[in-house]
$ cat work-v5.cif   # mmCIF, C-alpha atoms
data_structure
loop_
_atom_site.label_atom_id
_atom_site.label_comp_id
_atom_site.auth_asym_id
_atom_site.auth_seq_id
_atom_site.Cartn_x
_atom_site.Cartn_y
_atom_site.Cartn_z
CA MET B 1 103.96 69.93 147.99
CA SER B 2 105.05 66.47 148.87
CA ASP B 3 107.78 66.17 146.25
CA GLY B 4 109.70 69.40 146.84
CA ALA B 5 109.56 72.44 144.63
CA PRO B 6 109.86 71.43 140.99
CA ARG B 7 111.22 73.77 138.34
CA PRO B 8 109.00 74.68 135.41
CA TYR B 9 110.74 74.43 132.03
CA THR B 10 108.03 75.45 129.60
CA LEU B 11 105.60 78.33 129.41
CA VAL B 12 102.69 77.75 127.07
CA ALA B 13 101.32 81.17 126.20
CA GLU B 14 97.84 80.86 124.73
CA LEU B 15 97.79 84.36 123.32
CA THR B 16 94.21 84.21 122.10
CA TYR B 17 91.34 81.79 121.60
CA ARG B 18 90.53 83.55 118.32
CA CYS B 19 91.24 81.44 115.25
CA PRO B 20 90.04 81.47 111.66
CA LEU B 21 89.97 77.66 111.66
CA ARG B 22 87.21 75.57 113.19
CA CYS B 23 89.00 72.25 113.68
CA VAL B 24 86.79 69.50 115.00
CA TYR B 25 89.45 68.40 117.52
CA CYS B 26 90.48 71.82 118.82
CA SER B 27 91.89 71.55 122.35
CA ASN B 28 90.47 74.92 123.41
CA PRO B 29 87.64 74.64 125.92
CA LEU B 30 84.07 74.44 124.63
CA ASP B 31 83.28 77.75 126.31
CA TYR B 32 86.27 79.55 124.76
CA ALA B 33 84.07 82.38 123.55
CA SER B 34 83.24 83.38 127.11
CA HIS B 35 86.94 84.09 127.82
CA ARG B 36 86.92 87.44 126.09
CA ASP B 37 89.37 89.76 127.77
CA GLU B 38 92.79 88.99 126.37
CA LEU B 39 95.90 89.92 128.28
CA GLY B 40 97.63 93.00 126.93
CA THR B 41 101.22 93.21 125.77
CA ALA B 42 102.59 94.57 129.05
CA ASP B 43 101.02 91.73 131.03
CA TRP B 44 102.48 89.12 128.70
CA LEU B 45 105.93 90.70 128.91
CA ARG B 46 105.77 90.60 132.70
CA VAL B 47 104.63 86.96 132.61
CA PHE B 48 107.60 86.07 130.39
CA ARG B 49 110.01 87.73 132.83
CA GLU B 50 108.42 86.01 135.81
CA ALA B 51 108.49 82.66 134.03
CA GLU B 52 112.15 83.03 133.12
CA ALA B 53 112.97 83.89 136.72
CA LEU B 54 111.25 80.65 137.79
CA GLY B 55 113.52 78.64 135.47
CA VAL B 56 111.48 78.45 132.26
CA VAL B 57 113.60 78.03 129.11
CA GLN B 58 110.97 77.11 126.51
CA LEU B 59 108.19 79.35 125.28
CA ASN B 60 105.34 78.07 123.13
CA LEU B 61 103.34 80.85 121.55
CA THR B 62 100.02 79.33 120.71
CA GLY B 63 96.29 79.91 120.91
CA GLY B 64 93.85 79.86 119.08
CA GLU B 65 95.90 81.39 116.33
CA PRO B 66 98.76 83.50 117.74
CA LEU B 67 99.23 85.32 114.42
CA VAL B 68 96.00 87.24 114.98
CA ARG B 69 97.79 89.14 117.77
CA ASP B 70 99.41 92.23 116.32
CA ASP B 71 101.90 92.42 119.20
CA LEU B 72 103.46 89.05 118.36
CA GLU B 73 106.61 90.80 117.17
CA ALA B 74 107.06 92.56 120.52
CA LEU B 75 106.47 89.31 122.39
CA VAL B 76 109.04 87.39 120.32
CA GLU B 77 111.57 90.16 120.75
CA ALA B 78 111.12 90.14 124.52
CA ALA B 79 111.41 86.34 124.64
CA ARG B 80 114.67 86.53 122.71
CA GLY B 81 115.92 89.10 125.21
CA LEU B 82 115.23 86.59 127.98
CA ASP B 83 117.01 83.80 126.07
CA LEU B 84 113.85 81.71 125.82
CA TYR B 85 113.64 79.13 123.03
CA THR B 86 110.61 80.43 121.20
CA ASN B 87 108.30 78.23 119.19
CA LEU B 88 105.39 79.65 117.22
CA ILE B 89 102.57 77.13 117.00
CA THR B 90 100.39 78.21 114.14
CA SER B 91 97.82 77.16 111.60
CA GLY B 92 99.64 79.37 109.12
CA ILE B 93 96.50 81.47 108.63
CA PRO B 94 96.86 84.44 108.26
CA CYS B 95 100.56 84.75 107.46
CA THR B 96 102.78 86.60 105.00
CA ARG B 97 106.45 86.42 104.11
CA GLU B 98 107.00 89.87 105.62
CA ARG B 99 105.43 88.85 108.91
CA LEU B 100 107.53 85.69 109.17
CA ALA B 101 110.72 87.49 108.19
CA GLY B 102 110.00 90.08 110.87
CA LEU B 103 109.47 87.41 113.51
CA LEU B 104 112.69 85.68 112.45
CA ALA B 105 114.59 88.96 112.70
CA ARG B 106 113.28 89.40 116.25
CA GLY B 107 114.55 85.99 117.30
CA LEU B 108 111.89 83.36 116.64
CA ASP B 109 113.52 79.90 116.80
CA ASN B 110 110.99 77.43 115.41
CA VAL B 111 107.68 77.45 113.61
CA GLN B 112 105.20 74.62 113.95
CA VAL B 113 102.69 74.60 111.13
CA SER B 114 99.73 72.26 111.22
CA VAL B 115 98.01 70.64 108.29
CA GLN B 116 94.98 68.47 108.78
CA ASP B 117 95.59 65.95 105.99
CA VAL B 118 97.58 65.46 102.78
CA ARG B 119 95.05 66.82 100.32
CA ALA B 120 92.99 69.96 100.30
CA PRO B 121 89.45 68.52 100.42
CA GLU B 122 90.15 66.28 103.43
CA SER B 123 92.30 68.82 105.26
CA ASP B 124 89.84 71.66 104.71
CA ARG B 125 86.95 69.51 105.85
CA ILE B 126 88.55 68.93 109.25
CA ALA B 127 89.65 72.58 109.56
CA GLY B 128 86.25 73.88 108.50
CA LEU B 129 88.00 76.39 106.25
CA ARG B 130 89.70 76.38 102.86
CA SER B 131 93.26 76.61 104.11
CA PHE B 132 95.37 73.64 102.98
CA GLU B 133 97.16 75.19 99.99
CA ARG B 134 97.95 78.34 101.95
CA LYS B 135 99.34 76.28 104.83
CA LEU B 136 101.74 74.52 102.46
CA GLU B 137 102.88 77.90 101.15
CA VAL B 138 103.55 79.05 104.70
CA ALA B 139 105.49 75.87 105.51
CA ARG B 140 107.66 76.47 102.43
CA LEU B 141 108.18 80.10 103.45
CA VAL B 142 109.41 78.98 106.88
CA LYS B 143 112.11 76.88 105.24
CA GLU B 144 112.96 79.51 102.61
CA LEU B 145 113.63 81.99 105.38
CA GLY B 146 115.93 79.49 107.10
CA LEU B 147 113.74 78.89 110.13
CA ALA B 148 113.33 75.44 111.67
CA LEU B 149 110.03 73.83 110.65
CA THR B 150 107.91 71.40 112.59
CA LEU B 151 105.00 69.96 110.64
CA ASN B 152 102.18 68.92 112.93
CA VAL B 153 99.39 66.61 111.85
CA VAL B 154 96.71 65.50 114.28
CA LEU B 155 95.79 61.89 113.59
CA HIS B 156 92.36 60.30 113.75
CA ARG B 157 90.13 57.78 112.06
CA GLU B 158 89.90 59.66 108.77
CA ASN B 159 93.61 60.29 108.13
CA LEU B 160 95.49 57.54 110.01
CA ASP B 161 95.62 55.34 106.93
CA ARG B 162 97.42 58.16 105.10
CA VAL B 163 100.42 58.35 107.45
CA PRO B 164 102.74 57.19 104.61
CA GLU B 165 101.56 60.14 102.48
CA ILE B 166 101.84 62.49 105.44
CA ILE B 167 105.48 61.47 105.92
CA ALA B 168 106.12 61.98 102.20
CA LEU B 169 104.56 65.44 102.41
CA ALA B 170 106.77 66.35 105.38
CA GLU B 171 109.82 65.17 103.47
CA SER B 172 108.88 67.20 100.41
CA LEU B 173 108.52 70.28 102.64
CA GLN B 174 111.94 69.50 104.19
CA ALA B 175 110.46 69.69 107.67
CA ASP B 176 113.01 69.34 110.45
CA ARG B 177 110.48 67.60 112.60
CA LEU B 178 107.20 65.82 111.98
CA GLU B 179 104.78 65.54 114.84
CA LEU B 180 102.22 62.82 114.24
CA ALA B 181 99.98 63.60 117.15
CA ASN B 182 97.14 61.24 117.84
CA THR B 183 94.02 63.10 118.87
CA GLN B 184 93.64 63.70 122.59
CA TYR B 185 89.97 63.27 123.37
CA LEU B 186 89.34 66.44 125.32
CA GLY B 187 87.69 69.71 124.32
CA TRP B 188 86.13 69.55 120.86
CA ALA B 189 87.74 66.17 120.18
CA LEU B 190 85.70 64.61 122.97
CA VAL B 191 82.53 66.04 121.44
CA ASN B 192 83.54 64.43 118.13
CA ARG B 193 85.04 61.26 119.54
CA ARG B 194 82.70 58.91 117.70
CA ALA B 195 83.72 60.35 114.35
CA LEU B 196 87.43 60.56 115.19
CA LEU B 197 88.41 57.54 117.27
CA PRO B 198 90.29 55.06 115.06
CA THR B 199 90.46 51.30 115.36
CA ARG B 200 93.43 49.55 116.96
CA GLU B 201 94.31 48.03 113.60
CA GLN B 202 94.58 51.47 111.98
CA LEU B 203 96.78 52.68 114.80
CA ASP B 204 99.10 49.72 114.80
CA ARG B 205 99.69 50.05 111.05
CA ALA B 206 100.37 53.78 111.31
CA ARG B 207 102.71 53.35 114.27
CA GLU B 208 104.76 50.79 112.35
CA VAL B 209 105.02 53.11 109.33
CA ALA B 210 106.09 55.97 111.61
CA ARG B 211 108.67 53.79 113.36
CA ALA B 212 110.24 52.74 110.06
CA ALA B 213 110.29 56.35 108.84
CA ARG B 214 111.90 57.49 112.07
CA GLN B 215 114.78 55.09 111.47
CA ARG B 216 115.11 55.88 107.77
CA LEU B 217 115.10 59.64 108.35
CA LEU B 218 117.45 59.76 111.36
CA GLY B 219 119.45 62.95 111.24
CA ARG B 220 117.29 64.50 108.51
CA MET B 221 113.83 64.70 110.00
CA GLU B 222 112.73 63.77 113.47
CA VAL B 223 109.53 61.72 113.32
CA LEU B 224 107.47 61.80 116.48
CA PHE B 225 104.44 59.62 117.01
CA VAL B 226 102.50 60.94 119.98
CA ILE B 227 100.94 58.05 121.88
CA PRO B 228 97.26 57.37 121.31
CA ASP B 229 96.35 56.77 124.92
CA TYR B 230 92.96 55.14 124.27
CA TYR B 231 94.89 52.15 122.95
CA ALA B 232 97.74 52.18 125.45
CA GLU B 233 97.96 49.90 128.46
CA PHE B 234 98.98 52.72 130.76
CA PRO B 235 98.26 56.44 130.63
CA LYS B 236 100.73 59.01 129.39
CA SER B 237 102.44 61.27 131.88
CA CYS B 238 100.14 64.14 131.02
CA MET B 239 102.09 67.46 130.99
CA ASP B 240 104.95 65.48 132.61
CA GLY B 241 102.92 65.61 135.80
CA TRP B 242 100.59 68.27 137.19
CA GLY B 243 102.42 71.45 138.18
CA ARG B 244 105.76 69.86 137.47
CA ARG B 245 107.24 71.16 134.19
CA PHE B 246 104.60 73.29 132.44
CA ILE B 247 102.72 76.49 133.04
CA VAL B 248 99.89 77.30 130.65
CA ILE B 249 98.49 80.82 130.58
CA SER B 250 95.04 81.17 129.03
CA PRO B 251 94.30 84.19 126.83
CA ASP B 252 92.51 85.92 129.70
CA GLY B 253 95.36 85.35 132.15
CA LEU B 254 94.47 82.20 134.07
CA ALA B 255 97.61 80.33 135.16
CA LEU B 256 96.92 76.65 134.51
CA PRO B 257 98.76 73.34 134.91
CA CYS B 258 97.42 72.27 131.47
CA HIS B 259 95.35 73.59 128.56
CA ALA B 260 92.08 72.22 129.90
CA ALA B 261 92.54 72.53 133.67
CA HIS B 262 89.99 75.34 133.90
CA THR B 263 87.30 72.88 132.80
CA LEU B 264 87.74 71.03 136.12
CA PRO B 265 85.16 72.06 138.73
CA GLY B 266 86.01 72.97 142.29
CA LEU B 267 89.44 74.45 141.61
CA THR B 268 90.20 78.13 141.82
CA PHE B 269 92.74 79.32 139.28
CA ASP B 270 94.68 82.49 139.84
CA ARG B 271 95.05 85.20 137.24
CA VAL B 272 98.48 86.52 136.40
CA GLN B 273 96.95 90.00 136.69
CA ASP B 274 96.40 89.37 140.42
CA ARG B 275 99.38 87.33 141.66
CA SER B 276 102.97 86.80 140.61
CA LEU B 277 103.73 83.64 138.69
CA ASP B 278 106.20 82.64 141.40
CA GLU B 279 103.47 82.77 144.04
CA ILE B 280 101.00 80.95 141.80
CA TRP B 281 103.49 78.21 140.90
CA HIS B 282 104.54 77.55 144.46
CA HIS B 283 101.50 78.34 146.55
CA SER B 284 98.28 78.33 144.54
CA GLU B 285 95.62 75.82 145.46
CA ALA B 286 95.20 74.76 141.84
CA PHE B 287 98.88 74.01 141.12
CA ASN B 288 99.17 72.05 144.34
CA ALA B 289 95.90 70.15 143.97
CA TYR B 290 97.33 67.21 141.98
CA ARG B 291 101.03 67.83 142.44
CA GLY B 292 103.03 64.94 143.81
CA GLN B 293 101.33 61.76 144.97
CA ALA B 294 99.30 62.61 148.08
CA TRP B 295 96.05 63.08 146.08
CA MET B 296 96.28 59.69 144.39
CA PRO B 297 93.60 57.03 144.83
CA GLU B 298 94.25 53.34 144.47
CA PRO B 299 95.37 51.71 142.25
CA CYS B 300 97.75 54.66 141.58
CA ARG B 301 98.84 55.17 145.18
CA SER B 302 100.59 51.79 145.42
CA CYS B 303 101.44 51.46 141.71
CA ASP B 304 105.10 51.26 140.73
CA LYS B 305 104.34 53.55 137.76
CA ARG B 306 103.02 56.39 139.89
CA ALA B 307 106.22 58.42 139.51
CA THR B 308 106.31 57.74 135.75
CA ASP B 309 102.79 58.55 134.59
CA PHE B 310 101.60 60.55 137.63
CA GLY B 311 98.19 58.91 137.43
CA GLY B 312 97.61 60.13 133.86
CA CYS B 313 95.43 63.05 132.81
CA ARG B 314 93.24 64.80 135.40
CA CYS B 315 91.03 66.34 132.73
CA GLN B 316 90.47 63.00 131.02
CA ALA B 317 89.61 61.49 134.41
CA TYR B 318 87.06 64.23 135.09
CA HIS B 319 85.46 64.39 131.67
CA LEU B 320 85.01 60.62 131.49
CA THR B 321 84.28 59.65 135.10
CA GLY B 322 83.07 62.88 136.70
CA SER B 323 85.93 62.85 139.21
CA ALA B 324 89.18 64.73 138.57
CA ALA B 325 90.92 62.69 141.28
CA ALA B 326 90.13 59.33 139.68
CA THR B 327 92.76 57.18 138.02
CA ASP B 328 92.86 58.10 134.32
CA PRO B 329 90.43 55.57 132.80
CA VAL B 330 92.80 54.85 129.90
CA CYS B 331 94.87 52.90 132.45
CA SER B 332 94.12 49.20 132.16
CA LEU B 333 94.14 49.03 135.98
CA ALA B 334 91.63 51.86 136.44
CA PRO B 335 88.23 51.03 137.94
CA ASP B 336 86.60 52.98 135.09
CA HIS B 337 88.61 51.40 132.29
CA GLY B 338 85.38 49.92 130.92
CA LEU B 339 84.55 53.39 129.55
CA ILE B 340 87.58 53.19 127.27
CA GLU B 341 86.90 49.61 126.29
CA ALA B 342 83.37 50.60 125.30
CA ALA B 343 84.71 53.45 123.12
CA ARG B 344 87.15 51.03 121.46
CA ARG B 345 84.35 48.55 120.77
CA ASP B 346 82.24 51.33 119.33
CA ALA B 347 85.10 52.25 116.97
CA LEU B 348 84.66 48.81 115.35
CA THR B 349 81.04 49.40 114.45
CA PRO B 350 80.07 51.16 111.22
CA GLY B 351 78.36 54.54 111.09
CA ARG B 352 79.94 57.70 112.47
CA GLY B 353 78.35 60.80 113.91
CA GLU B 354 78.30 64.16 112.17
CA LEU B 355 81.30 66.41 112.82
CA GLU B 356 80.65 69.34 115.10
CA TYR B 357 82.89 72.26 114.25
CA ARG B 358 84.43 74.46 116.90
CA SER B 359 82.27 77.54 117.10
CA ALA B 360 81.29 80.27 119.53
CA ARG B 361 77.63 79.57 118.83
CA SER B 362 77.77 76.06 120.18
CA SER B 363 80.11 77.06 123.02
CA ALA B 364 78.63 76.31 126.39
CA PRO B 365 80.12 75.71 129.79
CA ALA B 366 81.65 72.24 129.69
CA MET A 1 121.29 73.34 128.06
CA LEU A 2 120.70 72.76 124.36
CA LEU A 3 117.14 73.74 123.49
CA TYR A 4 115.08 72.55 120.56
CA PRO A 5 111.36 72.40 119.92
CA GLU A 6 109.53 71.39 123.09
CA ARG A 7 112.62 69.85 124.64
CA GLY A 8 116.05 70.52 126.02
CA LEU A 9 119.18 68.52 126.52
CA VAL A 10 121.35 69.15 129.53
CA LEU A 11 124.95 68.89 128.33
CA ASN A 12 127.91 68.21 130.56
CA ALA A 13 130.89 70.55 130.32
CA THR A 14 132.73 68.46 127.72
CA ALA A 15 129.67 68.04 125.53
CA ALA A 16 129.05 71.77 125.77
CA GLU A 17 132.64 72.41 124.59
CA VAL A 18 132.04 70.20 121.55
CA VAL A 19 128.72 71.87 120.72
CA LYS A 20 130.27 75.34 121.03
CA LEU A 21 132.81 74.32 118.40
CA CYS A 22 130.06 73.22 116.00
CA THR A 23 129.79 76.62 114.37
CA GLY A 24 130.18 75.47 110.81
CA GLU A 25 133.79 76.70 110.75
CA HIS A 26 135.54 73.71 112.26
CA THR A 27 136.06 70.27 110.76
CA VAL A 28 135.37 67.22 112.91
CA ALA A 29 139.14 66.62 112.98
CA ALA A 30 139.73 70.16 114.25
CA ILE A 31 137.13 69.69 117.00
CA VAL A 32 138.80 66.46 118.12
CA GLU A 33 142.18 68.20 118.12
CA ARG A 34 140.89 71.10 120.19
CA LEU A 35 139.31 68.73 122.75
CA ALA A 36 142.51 66.70 122.91
CA GLU A 37 144.38 69.91 123.77
CA LEU A 38 141.81 70.83 126.42
CA TYR A 39 141.87 67.41 128.03
CA ALA A 40 145.57 66.54 127.71
CA PRO A 41 147.20 64.36 128.96
CA GLN A 42 144.23 62.04 128.35
CA PRO A 43 144.95 59.85 125.31
CA ALA A 44 143.89 61.51 122.06
CA ASP A 45 142.46 58.33 120.56
CA ALA A 46 140.07 57.88 123.49
CA ILE A 47 138.98 61.49 123.17
CA GLU A 48 138.46 61.03 119.44
CA ARG A 49 136.25 57.98 120.03
CA GLU A 50 134.12 59.85 122.54
CA VAL A 51 133.75 62.97 120.44
CA LEU A 52 132.75 60.93 117.40
CA ALA A 53 130.20 58.94 119.40
CA PHE A 54 128.74 62.14 120.81
CA LEU A 55 128.59 63.84 117.40
CA HIS A 56 126.96 60.75 115.92
CA ALA A 57 124.26 60.77 118.61
CA MET A 58 123.65 64.48 118.05
CA VAL A 59 123.45 64.03 114.28
CA GLU A 60 120.91 61.23 114.75
CA ARG A 61 118.78 63.53 116.86
CA GLY A 62 119.01 66.12 114.12
CA LEU A 63 120.66 68.61 116.46
CA ILE A 64 123.93 68.86 114.57
CA ARG A 65 124.48 68.61 110.84
CA ILE A 66 127.81 67.51 109.40
CA GLU A 67 128.50 69.27 106.11
CA PRO A 68 130.66 67.40 103.62
#
$ encode --input "work-v5.cif" --output "structure tokens"
Amino acid sequence: MSDGAPRPYTLVAELTYRCPLRCVYCSNPLDYASHRDELGTADWLRVFREAEALGVVQLNLTGGEPLVRDDLEALVEAARGLDLYTNLITSGIPCTRERLAGLLARGLDNVQVSVQDVRAPESDRIAGLRSFERKLEVARLVKELGLALTLNVVLHRENLDRVPEIIALAESLQADRLELANTQYLGWALVNRRALLPTREQLDRAREVARAARQRLLGRMEVLFVIPDYYAEFPKSCMDGWGRRFIVISPDGLALPCHAAHTLPGLTFDRVQDRSLDEIWHHSEAFNAYRGQAWMPEPCRSCDKRATDFGGCRCQAYHLTGSAAATDPVCSLAPDHGLIEAARRDALTPGRGELEYRSARSSAPA
Amino acid sequence: MLLYPERGLVLNATAAEVVKLCTGEHTVAAIVERLAELYAPQPADAIEREVLAFLHAMVERGLIRIEP
């Protein structure tokens, strides 16, 4: 490591790739169905302890849909015992009041519920399942029980013009936090990019609405607008830098620097069943591959933003250019930036592709 | 460290004292008074200004709620 040993702050525990929803922008890998053997409870509990010992203070329980794990209660209880701030990231399907109350009693701190749009037909179309009304019920339950609620809405071409209504919905649900997350074009979202990528005009309008709401709602609801990097001048600091702040564990136990790292060829990822998290974090080939700045090509290597954006997203670089060590093409200085400009131009033309739903049937190695 | 969804805020010792007093039982005035005691002989009005500015910033972030 060229930059000294960083301390991880957040463990992202992808408890399962199973999910009743089929969202067209799911961030799970296209071959999720081939990752079958889920870690058992004891392994997860050990991973939590090892993560806490490394310095982790935040735990995101996610998936797939974490509620399909029947040991979620035990996991939350153990996380509370380790003083981790525990956030359940859920579609809200399937969930009951009893289940939520039980998780609260065991120390769950925050629940993030996603909806796909502001009305049932549009939301259910993106989710590939009738789920919208039930999701709203679950969001209300979260607040009734006194838990903190984050409402998450992934933004794209079809719903960006409804950001005002989305904010109104979040207010009516009394969400503590609204995450307006522009689609990241990886996983299923990259497959569906033509149908999902908005125009710059749509984005600029939505960003302005979100900015005004953020000011108006200060102290009541935090409004976050996650950068749409296809329309940014410079890339985002993906995961706050590779192997710097985050550890993601896939359902089958791969320790990853990000959700999609295992789609990169040529890297060997360790399993938490085989090595301690401490060893993996400090010494594994995969965590060190793009850590620091030694791997960087030009124009990153001599760029004054290299310690801010860390060269952008390795997975985006690979999936668009074929090289994981390339400068993220969303960067206006990247040699392959033309790929992004072409996608933007295409967003201005009429006619969208069909949506391809996340499914095991169409899963194939990426 | 004060933790909230997906982030954390590293508090200095004074800020941590203030946050610990935000239990719902103390008025803002009582918190200022307590801090003034802790940090005497620093002038109470300066301490009051700083505590209020800190509380305001925390309220804006939605991390502390002031009940009427």
$ atom_distance --input "work-v5.cif" --atom1 "CA of Arg49 in chain A" --atom2 "CA of Ile31 in chain A"
12.1 Å
$ residues_around --input "work-v5.cif" --residues "Ala317 in chain B" --least-positions-apart "6" --cutoff "10 Å" --atoms "all atoms listed in the file" --output "short mmCIF file (atom, residue, chain, number, x, y, z; two decimals) with C-alpha atoms, keeping the file's coordinate frame"
data_model
loop_
_atom_site.label_atom_id
_atom_site.label_comp_id
_atom_site.auth_asym_id
_atom_site.auth_seq_id
_atom_site.Cartn_x
_atom_site.Cartn_y
_atom_site.Cartn_z
CA LEU B 264 87.74 71.03 136.12
CA GLY B 311 98.19 58.91 137.43
CA SER B 323 85.93 62.85 139.21
CA ALA B 324 89.18 64.73 138.57
CA ALA B 325 90.92 62.69 141.28
CA ALA B 326 90.13 59.33 139.68
CA THR B 327 92.76 57.18 138.02
CA ASP B 328 92.86 58.10 134.32
CA PRO B 329 90.43 55.57 132.80
CA VAL B 330 92.80 54.85 129.90
CA ASP B 336 86.60 52.98 135.09
#
$ atom_distance --input "work-v5.cif" --atom1 "CA of Ala343 in chain B" --atom2 "CA of Leu267 in chain B"
28.4 Å
$ closest_atom_pairs --input "work-v5.cif" --of "chain B" --to "chain A" --cutoff "7 Å" --atoms "only C-alpha atoms" --output "tab-separated table"
residue	atom	partner	partner_atom	distance
B:Gln58	CA	A:Glu6	CA	6.8
B:Tyr85	CA	A:Leu3	CA	6.4
B:Asn87	CA	A:Pro5	CA	6.6
B:Asn110	CA	A:Pro5	CA	6.8
B:Leu218	CA	A:Glu60	CA	5.1
B:Gly219	CA	A:Glu60	CA	4.2
B:Arg220	CA	A:Gly62	CA	6.1
B:Met221	CA	A:Gly62	CA	6.8
B:Glu222	CA	A:Gly62	CA	6.7
$ atom_distance --input "work-v5.cif" --atom1 "CA of Cys331 in chain B" --atom2 "CA of Phe234 in chain B"
4.4 Å
$ residues_around --input "work-v5.cif" --residues "Thr41 in chain B" --least-positions-apart "5" --cutoff "8 Å" --atoms "only C-alpha atoms" --output "ChimeraX atom specification"
/B:71,74-75
$ closest_residue --input "work-v5.cif" --among "B:Ala175, B:Val153, B:Ile340, B:Leu61" --to "Tyr25 in chain B" --atoms "all atoms listed in the file"
B:Val153
$ closest_residue --input "work-v5.cif" --among "B:Val223, B:Ala189, B:Cys238, B:Cys315" --to "Leu30 in chain B" --atoms "only C-alpha atoms"
B:Ala189
$ residues_around --input "work-v5.cif" --residues "His283 in chain B" --least-positions-apart "6" --cutoff "12 Å" --atoms "all atoms listed in the file" --output "number ranges by chain"
B: 1, 5, 243, 269-270, 275-277, 289, 291
$ closest_residue --input "work-v5.cif" --among "B:Glu171, B:Asp109, B:Asp229, B:Asp43" --to "Leu84 in chain B" --atoms "all atoms listed in the file"
B:Asp109
$ closest_residue --input "work-v5.cif" --among "B:Gly338, B:Gly312, B:Pro29, B:Pro164" --to "Lys236 in chain B" --atoms "all atoms listed in the file"
B:Gly312
$ resolve_selection --input "work-v5.cif" --expression "the PyMOL selection byres ((chain A and resi 15) around 12)" --output "ChimeraX atom specification"
/A:1-2,9-14,16-22,31-32,35,47,50-55,57-58
$ write_last_selection --input "work-v5.cif" --atoms "C-alpha atoms" --output "short mmCIF file (atom, residue, chain, number, x, y, z; two decimals), in the coordinates of the input"
data_model
loop_
_atom_site.label_atom_id
_atom_site.label_comp_id
_atom_site.auth_asym_id
_atom_site.auth_seq_id
_atom_site.Cartn_x
_atom_site.Cartn_y
_atom_site.Cartn_z
CA MET A 1 121.29 73.34 128.06
CA LEU A 2 120.70 72.76 124.36
CA LEU A 9 119.18 68.52 126.52
CA VAL A 10 121.35 69.15 129.53
CA LEU A 11 124.95 68.89 128.33
CA ASN A 12 127.91 68.21 130.56
CA ALA A 13 130.89 70.55 130.32
CA THR A 14 132.73 68.46 127.72
CA ALA A 16 129.05 71.77 125.77
CA GLU A 17 132.64 72.41 124.59
CA VAL A 18 132.04 70.20 121.55
CA VAL A 19 128.72 71.87 120.72
CA LYS A 20 130.27 75.34 121.03
CA LEU A 21 132.81 74.32 118.40
CA CYS A 22 130.06 73.22 116.00
CA ILE A 31 137.13 69.69 117.00
CA VAL A 32 138.80 66.46 118.12
CA LEU A 35 139.31 68.73 122.75
CA ILE A 47 138.98 61.49 123.17
CA GLU A 50 134.12 59.85 122.54
CA VAL A 51 133.75 62.97 120.44
CA LEU A 52 132.75 60.93 117.40
CA ALA A 53 130.20 58.94 119.40
CA PHE A 54 128.74 62.14 120.81
CA LEU A 55 128.59 63.84 117.40
CA ALA A 57 124.26 60.77 118.61
CA MET A 58 123.65 64.48 118.05
#
$ resolve_selection --input "work-v5.cif" --expression "the PyMOL selection byres ((chain B and resi 258) around 12)" --output "PyMOL selection string"
chain B and resi 10-14+27-29+186+238-250+254-257+259-264+269+286-287+290+313-316
$ resolve_selection --input "work-v5.cif" --expression "the PyMOL selection byres ((chain B and resi 347) around 10)" --output "PyMOL selection string"
chain B and resi 157+193-200+341-346+348-352
$ residues_around --input "work-v5.cif" --residues "Pro68 in chain A" --least-positions-apart "3" --cutoff "12 Å" --atoms "all atoms listed in the file" --output "ChimeraX atom specification"
/A:24,26-28,65
$ write_last_selection --input "work-v5.cif" --atoms "C-alpha atoms" --output "mmCIF file, keeping the file's coordinate frame"
data_model
loop_
_atom_site.group_PDB
_atom_site.id
_atom_site.type_symbol
_atom_site.label_atom_id
_atom_site.label_comp_id
_atom_site.auth_asym_id
_atom_site.auth_seq_id
_atom_site.Cartn_x
_atom_site.Cartn_y
_atom_site.Cartn_z
ATOM 1 C CA GLY A 24 130.180 75.470 110.810
ATOM 2 C CA HIS A 26 135.540 73.710 112.260
ATOM 3 C CA THR A 27 136.060 70.270 110.760
ATOM 4 C CA VAL A 28 135.370 67.220 112.910
ATOM 5 C CA ARG A 65 124.480 68.610 110.840
#
$ closest_residue --input "work-v5.cif" --among "B:Leu67, B:Leu145, B:Leu217, B:Leu190" --to "Arg177 in chain B" --atoms "all atoms listed in the file"
B:Leu217
$ axis_aligned_box --input "work-v5.cif" --around "range 32-40 of chain A" --padding-each-side "5 Å" --output "JSON"
{"center_x": 142.2, "center_y": 68.8, "center_z": 123.1, "size_x": 16.8, "size_y": 14.6, "size_z": 19.9}
$ residues_around --input "work-v5.cif" --residues "Leu100 in chain B" --least-positions-apart "6" --cutoff "9 Å" --atoms "all atoms listed in the file" --output "PyMOL selection string"
chain B and resi 108+138+141-142+145
$ residues_near_point --input "work-v5.cif" --point "(105.3, 92.2, 134.3)" --cutoff "12 Å" --atoms "only C-alpha atoms" --output "PyMOL selection string"
chain B and resi 39-53+78+272-278
$ closest_residue --input "work-v5.cif" --among "B:Thr268, B:Thr183, B:Thr86, B:Asn192" --to "Leu147 in chain B" --atoms "only C-alpha atoms"
B:Thr86
